[in-house]
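Participant: Structure supplied as target.txt; contents: compact mmCIF, C-alpha atoms.
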```txt
# COMPACT_ATOMS: atom_id res chain seq x y z
CA MET D 1 26.00 15.36 -41.36
CA GLU D 2 25.01 15.39 -44.99
CA ILE D 3 24.16 18.23 -47.29
CA ASN D 4 21.18 17.60 -49.53
CA ALA D 5 18.29 19.36 -51.20
CA THR D 6 16.99 20.49 -47.83
CA LEU D 7 19.56 23.26 -48.18
CA ILE D 8 17.71 24.66 -51.16
CA GLY D 9 14.39 24.36 -49.37
CA GLN D 10 15.77 26.26 -46.39
CA LEU D 11 17.30 28.91 -48.66
CA ILE D 12 13.87 29.54 -50.13
CA THR D 13 12.08 29.48 -46.76
CA PHE D 14 14.62 31.87 -45.31
CA ALA D 15 14.45 34.21 -48.27
CA ILE D 16 10.67 34.34 -48.07
CA LEU D 17 10.71 34.92 -44.33
CA VAL D 18 13.25 37.73 -44.64
CA TRP D 19 11.31 39.30 -47.50
CA PHE D 20 8.09 39.06 -45.53
CA THR D 21 9.69 40.63 -42.46
CA MET D 22 11.23 43.39 -44.53
CA LYS D 23 8.01 44.13 -46.39
CA TYR D 24 5.20 43.57 -43.93
CA VAL D 25 6.62 43.48 -40.41
CA TRP D 26 9.50 45.87 -39.92
CA PRO D 27 8.20 49.06 -41.59
CA PRO D 28 4.74 49.30 -39.96
CA ILE D 29 6.06 48.49 -36.50
CA THR D 30 8.99 50.89 -36.64
CA LYS D 31 6.72 53.54 -38.11
CA ALA D 32 4.26 53.20 -35.26
CA MET D 33 7.10 53.27 -32.75
CA GLN D 34 8.49 56.42 -34.29
CA GLU D 35 5.06 57.97 -34.20
CA ARG D 36 4.77 57.19 -30.53
CA GLU D 37 8.24 58.59 -29.93
CA LYS D 38 7.18 61.76 -31.66
CA THR D 39 4.00 61.96 -29.62
CA ILE D 40 5.90 61.49 -26.39
CA ALA D 41 8.54 64.00 -27.41
CA ALA D 42 5.83 66.52 -28.30
CA GLY D 43 4.10 65.89 -24.99
CA LEU D 44 7.29 66.38 -23.05
CA GLU D 45 8.09 69.50 -24.99
CA ALA D 46 4.60 70.88 -24.32
CA ALA D 47 4.98 70.13 -20.64
CA GLU D 48 8.35 71.85 -20.59
CA ARG D 49 6.96 74.83 -22.44
CA SER D 50 3.96 75.20 -20.16
CA LYS D 51 6.25 74.92 -17.16
CA ARG D 52 8.35 77.71 -18.55
CA GLU D 53 5.24 79.78 -19.27
CA LEU D 54 3.94 79.19 -15.78
CA GLU D 55 7.25 80.33 -14.37
CA GLN D 56 7.13 83.45 -16.48
CA ALA D 57 3.56 84.13 -15.45
CA GLN D 58 4.43 83.67 -11.80
CA HIS D 59 7.34 86.01 -12.23
CA LYS D 60 5.14 88.53 -13.93
CA ALA D 61 2.45 88.26 -11.28
CA LEU D 62 5.05 88.75 -8.60
CA SER D 63 6.41 91.84 -10.26
CA ILE D 64 2.89 93.21 -10.72
CA VAL D 65 2.15 92.70 -7.04
CA HIS D 66 5.45 94.31 -6.22
CA ASP D 67 4.67 97.32 -8.41
CA ALA D 68 1.21 97.60 -6.92
CA LYS D 69 2.63 97.57 -3.42
CA ARG D 70 5.12 100.23 -4.30
CA ASP D 71 2.43 102.36 -5.94
CA ALA D 72 0.17 101.94 -2.95
CA THR D 73 2.91 103.04 -0.59
CA GLN D 74 3.56 106.02 -2.80
CA VAL D 75 -0.09 106.92 -2.90
CA ILE D 76 -0.40 106.60 0.85
CA GLU D 77 2.68 108.70 1.36
CA GLN D 78 1.37 111.34 -0.99
CA ALA D 79 -1.95 111.29 0.77
CA HIS D 80 -0.25 111.76 4.10
CA LYS D 81 1.75 114.62 2.73
CA ARG D 82 -1.27 116.14 1.10
CA SER D 83 -3.37 115.86 4.22
CA ALA D 84 -0.62 117.46 6.28
CA GLN D 85 -0.42 120.22 3.73
CA ILE D 86 -4.17 120.73 3.73
CA LEU D 87 -4.19 120.79 7.51
CA GLU D 88 -1.42 123.32 7.49
CA GLU D 89 -3.26 125.45 4.94
CA ALA D 90 -6.47 125.21 6.93
CA LYS D 91 -4.68 126.21 10.07
CA GLY D 92 -3.16 129.20 8.29
CA ALA D 93 -6.51 130.22 6.85
CA ALA D 94 -8.20 129.86 10.21
CA ARG D 95 -5.58 131.94 11.87
CA GLU D 96 -5.87 134.64 9.23
CA GLU D 97 -9.64 134.56 9.49
CA GLY D 98 -9.44 134.83 13.25
CA GLU D 99 -7.07 137.73 13.01
CA ARG D 100 -9.27 139.39 10.50
CA LEU D 101 -12.34 138.90 12.72
CA MET D 102 -10.41 140.20 15.65
CA GLU D 103 -9.40 143.31 13.66
CA ARG D 104 -12.95 143.90 12.61
CA ALA D 105 -14.21 143.46 16.16
CA LYS D 106 -11.59 145.86 17.42
CA ALA D 107 -12.55 148.41 14.80
CA GLU D 108 -16.21 147.96 15.72
CA ILE D 109 -15.47 148.39 19.34
CA GLY D 110 -13.42 151.54 18.63
CA ARG D 111 -16.21 152.95 16.54
CA GLU D 112 -18.84 152.22 19.21
CA VAL D 113 -16.64 153.75 21.88
CA ASN D 114 -16.36 156.86 19.74
CA GLN D 115 -20.12 156.91 19.22
CA ALA D 116 -20.65 156.55 22.96
CA LYS D 117 -18.16 159.32 23.63
CA GLU D 118 -19.93 161.50 21.10
CA ALA D 119 -23.32 160.78 22.63
CA LEU D 120 -21.94 161.42 26.08
CA ARG D 121 -20.42 164.69 24.97
CA LYS D 122 -23.76 165.75 23.43
CA GLN D 123 -25.58 164.81 26.64
CA LEU D 124 -22.96 166.53 28.73
CA SER D 125 -23.23 169.74 26.75
CA SER D 126 -27.01 169.71 27.03
CA LEU D 127 -26.67 169.06 30.75
CA VAL D 128 -24.20 171.86 31.02
CA VAL D 129 -26.67 174.09 29.22
CA GLN D 130 -29.47 172.99 31.57
CA ALA D 131 -27.25 173.51 34.58
CA ALA D 132 -26.32 176.93 33.32
CA GLU D 133 -30.00 177.76 32.81
CA LYS D 134 -30.81 176.70 36.36
CA ILE D 135 -27.93 178.73 37.74
CA ILE D 136 -29.07 181.75 35.91
CA GLN D 137 -32.67 181.25 37.10
CA HIS D 138 -31.60 181.24 40.82
CA ASN D 139 -29.55 184.47 40.63
CA LEU D 140 -26.33 184.23 42.28
CA ASP D 141 -27.15 182.73 45.63
CA PRO D 142 -23.87 181.10 46.76
CA ALA D 143 -25.60 178.59 48.92
CA LYS D 144 -27.98 177.79 46.22
CA GLN D 145 -25.15 177.72 43.74
CA ALA D 146 -23.32 175.14 45.78
CA ASP D 147 -26.53 173.13 46.11
CA LEU D 148 -27.08 173.37 42.41
CA LEU D 149 -23.60 172.21 41.66
CA ASP D 150 -24.04 169.29 44.00
CA GLU D 151 -27.31 168.50 42.29
CA PHE D 152 -25.61 168.77 38.93
CA VAL D 153 -22.79 166.51 39.94
CA ALA D 154 -25.24 163.97 41.31
CA GLU D 155 -27.07 164.15 38.00
CA ILE D 156 -23.89 163.43 36.04
CA GLU D 157 -23.06 160.49 38.17
CA MET C 1 28.40 0.97 -25.67
CA SER C 2 25.93 -1.79 -26.29
CA GLY C 3 23.98 -2.22 -29.46
CA VAL C 4 20.73 -1.04 -27.93
CA GLN C 5 22.26 2.24 -26.82
CA GLY C 6 23.97 2.70 -30.16
CA ASN C 7 20.67 2.16 -31.90
CA TYR C 8 18.99 4.67 -29.61
CA ILE C 9 21.49 7.38 -30.48
CA GLU C 10 21.40 6.58 -34.18
CA HIS C 11 17.64 6.62 -34.08
CA HIS C 12 17.73 10.10 -32.64
CA LEU C 13 20.24 11.38 -35.15
CA ALA C 14 18.42 10.16 -38.24
CA HIS C 15 16.20 12.50 -40.24
CA LEU C 16 12.78 11.90 -41.65
CA GLN C 17 13.78 12.03 -45.30
CA LEU C 18 11.89 12.32 -48.54
CA ASN C 19 13.43 10.99 -51.72
CA LEU C 20 12.75 13.67 -54.32
CA HIS C 21 13.26 11.25 -57.23
CA THR C 22 10.52 8.92 -56.18
CA PHE C 23 8.69 10.95 -53.56
CA THR C 24 8.91 8.14 -51.05
CA VAL C 25 10.32 8.14 -47.56
CA GLY C 26 14.02 7.42 -47.63
CA SER C 27 17.34 8.81 -48.84
CA GLY C 28 17.86 9.74 -52.44
CA GLY C 29 21.42 11.06 -52.47
CA PHE C 30 21.55 14.82 -52.94
CA TRP C 31 17.92 15.04 -53.96
CA THR C 32 16.67 14.25 -50.52
CA LEU C 33 14.52 16.55 -48.49
CA ASN C 34 14.86 16.36 -44.70
CA LEU C 35 11.16 16.65 -44.05
CA ASP C 36 11.57 17.19 -40.31
CA THR C 37 13.94 20.11 -40.74
CA PHE C 38 11.88 21.55 -43.52
CA ILE C 39 8.52 21.24 -41.79
CA VAL C 40 9.68 22.49 -38.40
CA GLY C 41 11.51 25.33 -40.10
CA LEU C 42 8.36 26.21 -42.00
CA ILE C 43 6.13 26.06 -38.90
CA THR C 44 8.47 28.26 -36.88
CA ALA C 45 8.76 30.68 -39.80
CA LEU C 46 4.99 30.86 -40.11
CA LEU C 47 4.67 31.35 -36.37
CA ILE C 48 7.10 34.28 -36.34
CA GLY C 49 5.71 35.81 -39.51
CA GLY C 50 2.15 35.37 -38.27
CA ILE C 51 2.69 36.81 -34.81
CA PHE C 52 4.73 39.76 -36.01
CA ARG C 53 2.36 40.46 -38.88
CA TYR C 54 -0.56 40.30 -36.47
CA VAL C 55 1.14 42.82 -34.18
CA ALA C 56 2.08 45.02 -37.14
CA LEU C 57 -1.56 45.11 -38.23
CA HIS C 58 -2.85 45.90 -34.74
CA MET C 59 -0.15 48.39 -33.87
CA GLN C 60 -1.21 50.89 -31.19
CA THR C 61 0.66 54.16 -31.13
CA GLY C 62 -0.76 54.79 -27.69
CA VAL C 63 -0.34 52.36 -24.83
CA PRO C 64 0.92 49.04 -26.20
CA GLY C 65 -0.35 45.65 -25.10
CA ARG C 66 1.84 42.85 -23.81
CA LEU C 67 2.48 41.16 -27.13
CA GLN C 68 3.14 44.46 -28.83
CA ASN C 69 5.53 45.36 -26.04
CA PHE C 70 7.46 42.17 -26.61
CA VAL C 71 7.59 42.71 -30.36
CA GLU C 72 8.65 46.31 -29.93
CA ALA C 73 11.34 45.31 -27.47
CA MET C 74 12.72 42.79 -29.97
CA ILE C 75 12.64 45.30 -32.79
CA GLU C 76 14.23 47.98 -30.69
CA PHE C 77 16.94 45.60 -29.51
CA VAL C 78 17.76 44.45 -33.04
CA GLY C 79 17.43 47.96 -34.44
CA ARG C 80 19.87 49.31 -31.87
CA THR C 81 22.35 46.50 -32.47
CA VAL C 82 22.21 47.08 -36.20
CA HIS C 83 22.47 50.83 -35.80
CA GLU C 84 25.60 50.54 -33.66
CA THR C 85 27.47 48.45 -36.21
CA TYR C 86 26.02 49.13 -39.62
CA HIS C 87 26.03 52.64 -41.03
CA GLY C 88 24.84 52.00 -44.57
CA LYS C 89 21.50 52.90 -46.08
CA SER C 90 20.13 49.44 -46.84
CA GLN C 91 16.64 48.79 -45.53
CA LEU C 92 17.29 45.06 -45.61
CA ILE C 93 19.86 44.64 -42.88
CA ALA C 94 17.69 45.31 -39.83
CA PRO C 95 14.76 43.07 -40.88
CA LEU C 96 17.26 40.42 -41.92
CA ALA C 97 18.93 40.56 -38.51
CA LEU C 98 15.55 40.40 -36.77
CA THR C 99 14.47 37.42 -38.83
CA LEU C 100 17.75 35.61 -38.20
CA PHE C 101 17.64 36.20 -34.47
CA LEU C 102 14.01 35.22 -33.98
CA TRP C 103 14.03 32.24 -36.27
CA ILE C 104 17.26 30.77 -34.94
CA PHE C 105 16.17 31.45 -31.38
CA LEU C 106 12.82 29.76 -31.84
CA MET C 107 14.32 26.75 -33.62
CA ASN C 108 17.02 26.46 -30.98
CA THR C 109 14.39 26.55 -28.26
CA LEU C 110 12.91 23.31 -29.59
CA ASP C 111 16.08 21.73 -28.23
CA LEU C 112 14.59 22.14 -24.75
CA LEU C 113 11.70 19.80 -25.56
CA PRO C 114 12.34 16.35 -24.10
CA VAL C 115 14.34 14.43 -26.70
CA ASP C 116 11.82 11.61 -26.96
CA PHE C 117 8.68 13.73 -26.82
CA VAL C 118 7.99 14.54 -30.47
CA PRO C 119 9.53 11.34 -31.94
CA SER C 120 7.42 9.19 -29.60
CA LEU C 121 4.27 11.08 -30.51
CA LEU C 122 4.98 10.70 -34.21
CA GLN C 123 5.87 7.04 -33.83
CA ILE C 124 2.19 6.42 -33.09
CA THR C 125 1.40 7.64 -36.60
CA GLY C 126 4.09 5.37 -38.03
CA ILE C 127 6.86 7.90 -38.60
CA GLU C 128 10.15 6.28 -37.66
CA HIS C 129 12.56 9.20 -37.37
CA PHE C 130 12.05 12.82 -36.50
CA LYS C 131 14.74 15.33 -35.56
CA VAL C 132 12.98 18.24 -33.97
CA VAL C 133 15.74 20.84 -33.90
CA PRO C 134 16.27 22.26 -37.40
CA THR C 135 19.41 24.16 -36.39
CA ALA C 136 21.08 20.85 -35.56
CA ASP C 137 20.83 20.08 -39.26
CA PRO C 138 23.66 21.63 -41.34
CA ASN C 139 21.25 22.08 -44.23
CA MET C 140 19.35 24.57 -42.15
CA THR C 141 22.38 26.51 -40.90
CA PHE C 142 24.03 26.52 -44.31
CA GLY C 143 20.79 27.62 -45.86
CA MET C 144 20.95 30.78 -43.78
CA SER C 145 24.70 31.33 -43.95
CA ILE C 146 24.79 30.92 -47.74
CA SER C 147 21.99 33.47 -48.06
CA VAL C 148 24.13 35.82 -45.99
CA PHE C 149 27.12 34.95 -48.17
CA PHE C 150 25.19 35.93 -51.31
CA LEU C 151 24.23 39.20 -49.66
CA ILE C 152 27.87 39.88 -48.75
CA ILE C 153 28.89 39.39 -52.38
CA PHE C 154 25.94 41.45 -53.60
CA TYR C 155 26.74 44.41 -51.36
CA ASN C 156 30.46 44.18 -52.09
CA PHE C 157 29.73 44.63 -55.78
CA THR C 158 26.87 47.12 -55.62
CA VAL C 159 28.21 49.42 -52.92
CA LYS C 160 31.89 49.45 -53.76
CA GLY C 161 31.78 49.13 -57.56
CA TRP C 162 35.21 49.53 -59.12
CA ARG C 163 36.78 50.21 -55.73
CA LEU C 164 36.18 46.56 -54.87
CA GLY C 165 38.79 45.55 -57.46
CA LYS C 166 41.32 47.93 -55.98
CA GLU C 167 40.55 46.68 -52.51
CA VAL C 168 40.90 43.01 -53.46
CA LEU C 169 44.18 43.63 -55.27
CA THR C 170 45.91 45.93 -52.81
CA SER C 171 44.89 44.98 -49.28
CA PRO C 172 46.29 43.83 -46.97
CA PHE C 173 49.85 43.58 -48.43
CA GLY C 174 49.99 46.34 -51.04
CA PRO C 175 49.78 46.18 -54.84
CA TYR C 176 52.98 44.18 -55.45
CA LEU C 177 51.70 41.11 -53.67
CA PHE C 178 48.35 41.11 -55.45
CA PRO C 179 48.14 37.31 -55.97
CA VAL C 180 48.50 36.80 -52.23
CA ASN C 181 45.95 39.54 -51.61
CA ILE C 182 43.42 37.90 -53.92
CA PHE C 183 43.97 34.53 -52.26
CA PHE C 184 43.56 35.99 -48.79
CA ARG C 185 40.44 37.84 -49.75
CA LEU C 186 38.81 34.79 -51.31
CA LEU C 187 39.70 32.70 -48.29
CA GLU C 188 38.34 35.34 -45.94
CA GLU C 189 35.04 35.53 -47.77
CA ILE C 190 34.60 31.79 -48.22
CA VAL C 191 35.31 31.12 -44.55
CA LYS C 192 32.42 33.37 -43.51
CA PRO C 193 29.47 31.11 -44.40
CA PHE C 194 31.29 28.11 -43.00
CA SER C 195 32.06 29.78 -39.73
CA LEU C 196 28.48 31.00 -39.38
CA ALA C 197 26.85 27.69 -40.26
CA LEU C 198 29.22 25.33 -38.50
CA ARG C 199 29.25 27.27 -35.25
CA LEU C 200 25.50 27.15 -34.91
CA PHE C 201 25.22 23.59 -36.17
CA GLY C 202 28.02 22.39 -33.87
CA ASN C 203 26.54 23.96 -30.78
CA MET C 204 23.03 22.70 -31.38
CA PHE C 205 24.07 19.25 -32.54
CA ALA C 206 26.33 18.76 -29.54
CA GLY C 207 23.66 20.09 -27.22
CA GLU C 208 21.11 17.67 -28.58
CA LEU C 209 23.56 14.80 -28.44
CA ILE C 210 24.19 15.47 -24.78
CA PHE C 211 20.44 15.50 -24.11
CA VAL C 212 20.22 12.14 -25.88
CA LEU C 213 23.07 10.80 -23.74
CA ILE C 214 21.44 12.10 -20.57
CA ALA C 215 18.21 10.41 -21.64
CA MET C 216 20.07 7.07 -21.59
CA LEU C 217 20.93 7.39 -17.91
CA PRO C 218 18.75 5.53 -15.39
CA TRP C 219 15.48 7.43 -15.03
CA TRP C 220 16.03 8.44 -11.38
CA SER C 221 19.34 10.16 -12.12
CA GLN C 222 18.33 12.11 -15.24
CA TRP C 223 16.89 15.14 -13.52
CA LEU C 224 20.20 16.50 -12.21
CA PRO C 225 22.40 16.49 -15.36
CA GLY C 226 19.32 17.09 -17.51
CA GLY C 227 18.30 20.10 -15.44
CA ILE C 228 21.79 21.56 -15.32
CA TRP C 229 22.34 21.07 -19.04
CA ALA C 230 18.91 22.48 -19.90
CA ILE C 231 19.50 25.61 -17.85
CA PHE C 232 22.92 26.06 -19.38
CA HIS C 233 21.42 25.41 -22.77
CA ILE C 234 19.02 28.35 -22.39
CA LEU C 235 22.11 30.52 -22.44
CA ILE C 236 23.62 28.73 -25.45
CA ILE C 237 20.38 29.01 -27.41
CA THR C 238 20.21 32.76 -26.92
CA VAL C 239 23.90 33.40 -27.38
CA GLN C 240 24.10 31.37 -30.59
CA ALA C 241 21.12 33.18 -32.08
CA PHE C 242 22.67 36.49 -31.09
CA ILE C 243 26.11 35.58 -32.46
CA PHE C 244 24.67 34.52 -35.81
CA MET C 245 22.78 37.81 -36.05
CA MET C 246 25.69 39.93 -34.85
CA LEU C 247 28.22 38.35 -37.21
CA THR C 248 25.80 38.75 -40.10
CA ILE C 249 25.52 42.45 -39.34
CA VAL C 250 29.29 42.77 -39.00
CA TYR C 251 29.96 40.90 -42.26
CA LEU C 252 27.42 42.99 -44.14
CA SER C 253 28.74 46.25 -42.76
CA MET C 254 32.24 45.13 -43.77
CA ALA C 255 30.86 44.57 -47.24
CA HIS C 256 29.73 48.22 -47.22
CA ASP C 257 32.86 49.84 -45.82
CA VAL C 258 35.58 50.75 -48.26
CA HIS C 259 38.99 50.15 -46.77
```
Written as structure tokens, that's how I'd like the structure from this file.
Facilitator:
Amino acid sequence: MEINATLIGQLITFAILVWFTMKYVWPPITKAMQEREKTIAAGLEAAERSKRELEQAQHKALSIVHDAKRDATQVIEQAHKRSAQILEEAKGAAREEGERLMERAKAEIGREVNQAKEALRKQLSSLVVQAAEKIIQHNLDPAKQADLLDEFVAEIE
Amino acid sequence: MSGVQGNYIEHHLAHLQLNLHTFTVGSGGFWTLNLDTFIVGLITALLIGGIFRYVALHMQTGVPGRLQNFVEAMIEFVGRTVHETYHGKSQLIAPLALTLFLWIFLMNTLDLLPVDFVPSLLQITGIEHFKVVPTADPNMTFGMSISVFFLIIFYNFTVKGWRLGKEVLTSPFGPYLFPVNIFFRLLEEIVKPFSLALRLFGNMFAGELIFVLIAMLPWWSQWLPGGIWAIFHILIITVQAFIFMMLTIVYLSMAHDVH
């Protein structure tokens, strides 16, 4: 073991190597590594964010579907109610209309009956007049009178 | 131990040296350059710098390739280790730790090459000695630990400012024992580069020595101890590189923290 000028040579070699590493090796490599780290971190963050957004969207979609279902049920229920109501109204109207028609028919019938009675009465009175004329023409013959009355009655019937 | 075996070990422990006075192969006292350490250190440094620079230039922020994955894993590992221990603002600490870990690890790994492989190859070209593992040379380990030592001093002064004086004088025994405090502090700081350098050097030198010893066994019995030691050595290589890096981070963060 002897120390000689090699020591100085190695000092210089070492110094140059360290300087070279410090200047031209370490910074670019670490910089690139940091860049990659950043890229990866950004990618992970983006993935996380989109996952979160997807979750939110799914949640939202679910709530929309839920709302829609509820609305639909409501609408159907309302429709049912409304249809029942309309049916009820229609029934009422029909009944009223029927009653009204019935009333009118009854009134019509009453009036026609009255007319018929009137006509009958007129006919009867004219018949009575005719019968009276005939009786008067045949001059108090009881047999004839009875025959006449029979004739008269048969005429009425 | 016979003379042949002694020569074999010595042959493996000798450096390829360049005399800086005359620029010829051989020792020149202090002004000697261990060419093997220097060249292997340079090649490994260029390899690391080249590969990492290549990846840095072709960085994909999207899906990374295999090489980029490896580089990113290393950087993330070192960055995390630094971040857990060091809380200052300096942009130097993490690249420094990365460089230390990778360079030491790669140089240590050369220990797993067969001990005779590179020296035998080079012997064809007439080179007598060649120690492949730079971290088994104290010049290499001290080169790194002294750099760290300078950084410790630098950060102590720049981050703490006048509070450094107070800290040196008053801790750990209070203001009345300030000479003892100063002595302790100096000792503590000076021990740091030695502990860093000698730990790594000791481990790698001993590891290589054991490989050399195993290589002297009869050829049919080498595979078992060689295999076991090599597998165990994979652990040592990694752990030593990690310890050097970790202690550097700890020392530098201590230099930042005001007591």
Participant: Measuring atom to atom with only C-alpha atoms, identify which of D:Ile29, D:Ile109, D:Ile12, D:Ile76 is nearest to chain C.
Facilitator: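 Checking each candidate against chain C, we get D:Ile29 as the closest.
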Participant: Give me, as a VMD selection string, the contact residues of chain C against chain D at a cut-off of 7 Å, counting only C-alpha atoms.
Facilitator: chain C and resid 30 to 34 38 42 45 49 52 to 53 56 59 61 to 62 92 95 to 96 99 138 to 140 142 to 144 147
Participant: Convert the current residue selection to file output with C-alpha atoms, as a CSV table (one decimal), in the coordinates of the input.
Facilitator:
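This is the output file out17.csv:
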```csv
chain,number,residue,atom,x,y,z
C,30,PHE,CA,21.6,14.8,-52.9
C,31,TRP,CA,17.9,15.0,-54.0
C,32,THR,CA,16.7,14.2,-50.5
C,33,LEU,CA,14.5,16.6,-48.5
C,34,ASN,CA,14.9,16.4,-44.7
C,38,PHE,CA,11.9,21.6,-43.5
C,42,LEU,CA,8.4,26.2,-42.0
C,45,ALA,CA,8.8,30.7,-39.8
C,49,GLY,CA,5.7,35.8,-39.5
C,52,PHE,CA,4.7,39.8,-36.0
C,53,ARG,CA,2.4,40.5,-38.9
C,56,ALA,CA,2.1,45.0,-37.1
C,59,MET,CA,-0.2,48.4,-33.9
C,61,THR,CA,0.7,54.2,-31.1
C,62,GLY,CA,-0.8,54.8,-27.7
C,92,LEU,CA,17.3,45.1,-45.6
C,95,PRO,CA,14.8,43.1,-40.9
C,96,LEU,CA,17.3,40.4,-41.9
C,99,THR,CA,14.5,37.4,-38.8
C,138,PRO,CA,23.7,21.6,-41.3
C,139,ASN,CA,21.2,22.1,-44.2
C,140,MET,CA,19.4,24.6,-42.2
C,142,PHE,CA,24.0,26.5,-44.3
C,143,GLY,CA,20.8,27.6,-45.9
C,144,MET,CA,21.0,30.8,-43.8
C,147,SER,CA,22.0,33.5,-48.1
```
Participant: Mind listing whatever residues come within 12 Å of the point (17.6, 18.5, -20.0)? Use only C-alpha atoms, file coordinates, and give them as number ranges by chain.
Facilitator: C: 109-116, 207-217, 221-234
Participant: By how many Å are CA of Ile9 (chain C) and CA of Pro119 (chain C) apart?
Facilitator: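 Atom-to-atom, CA of Ile9 (chain C) to CA of Pro119 (chain C), that is 12.7 Å.
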Participant: CA of Leu101 (chain D) to CA of Glu89 (chain D): how many Å, to one decimal?
Facilitator: 18.0 Å
Participant: Just the residues within 12 Å of Val191 (chain C), please, counting only C-alpha atoms, with nothing from its chain fewer than 6 positions along; format it as a PDB file with C-alpha atoms, in the frame of the given file.
Facilitator:
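As a result, selection.pdb now contains:
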```pdb
ATOM      1  CA  SER C 145      24.700  31.330 -43.950  1.00  0.00           C
ATOM      2  CA  ILE C 146      24.790  30.920 -47.740  1.00  0.00           C
ATOM      3  CA  PHE C 149      27.120  34.950 -48.170  1.00  0.00           C
ATOM      4  CA  PHE C 184      43.560  35.990 -48.790  1.00  0.00           C
ATOM      5  CA  ARG C 185      40.440  37.840 -49.750  1.00  0.00           C
ATOM      6  CA  ALA C 197      26.850  27.690 -40.260  1.00  0.00           C
ATOM      7  CA  LEU C 198      29.220  25.330 -38.500  1.00  0.00           C
ATOM      8  CA  ARG C 199      29.250  27.270 -35.250  1.00  0.00           C
ATOM      9  CA  TYR C 251      29.960  40.900 -42.260  1.00  0.00           C
TER      10      TYR C 251
END
```
Participant: Would you work out the distance separating CA of Lys134 (chain D) from CA of Asp147 (chain D), expressed in Å to one decimal?
Facilitator: 11.2 Å
Participant: Leaving out Ala154 (chain D) and any residue of its chain fewer than 4 positions from it, which residues lie within 12 Å of it when counting all atoms listed in the file, given as a short mmCIF file (atom, residue, chain, number, x, y, z; two decimals) with C-alpha atoms, in the frame of the given file?
Facilitator:
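Dumped everything to out_29.cif:
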```
data_model
loop_
_atom_site.label_atom_id
_atom_site.label_comp_id
_atom_site.auth_asym_id
_atom_site.auth_seq_id
_atom_site.Cartn_x
_atom_site.Cartn_y
_atom_site.Cartn_z
CA LEU D 127 -26.67 169.06 30.75
CA ALA D 131 -27.25 173.51 34.58
CA ASP D 147 -26.53 173.13 46.11
CA LEU D 148 -27.08 173.37 42.41
CA LEU D 149 -23.60 172.21 41.66
CA ASP D 150 -24.04 169.29 44.00
#
```
Participant: Extract, using only C-alpha atoms, all DNA, RNA and protein residues at most 12 Å from Lys166 (chain C), discarding same-chain residues fewer than 6 positions from it, and format them as a PDB file with C-alpha atoms, in the frame of the given file.
Facilitator:
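Wrote it out as part-v7.pdb, contents follow:
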```pdb
ATOM      1  CA  LYS C 160      31.890  49.450 -53.760  1.00  0.00           C
ATOM      2  CA  PRO C 172      46.290  43.830 -46.970  1.00  0.00           C
ATOM      3  CA  GLY C 174      49.990  46.340 -51.040  1.00  0.00           C
ATOM      4  CA  PRO C 175      49.780  46.180 -54.840  1.00  0.00           C
ATOM      5  CA  PHE C 178      48.350  41.110 -55.450  1.00  0.00           C
ATOM      6  CA  ASN C 181      45.950  39.540 -51.610  1.00  0.00           C
ATOM      7  CA  ILE C 182      43.420  37.900 -53.920  1.00  0.00           C
ATOM      8  CA  ARG C 185      40.440  37.840 -49.750  1.00  0.00           C
ATOM      9  CA  VAL C 258      35.580  50.750 -48.260  1.00  0.00           C
ATOM     10  CA  HIS C 259      38.990  50.150 -46.770  1.00  0.00           C
TER      11      HIS C 259
END
```
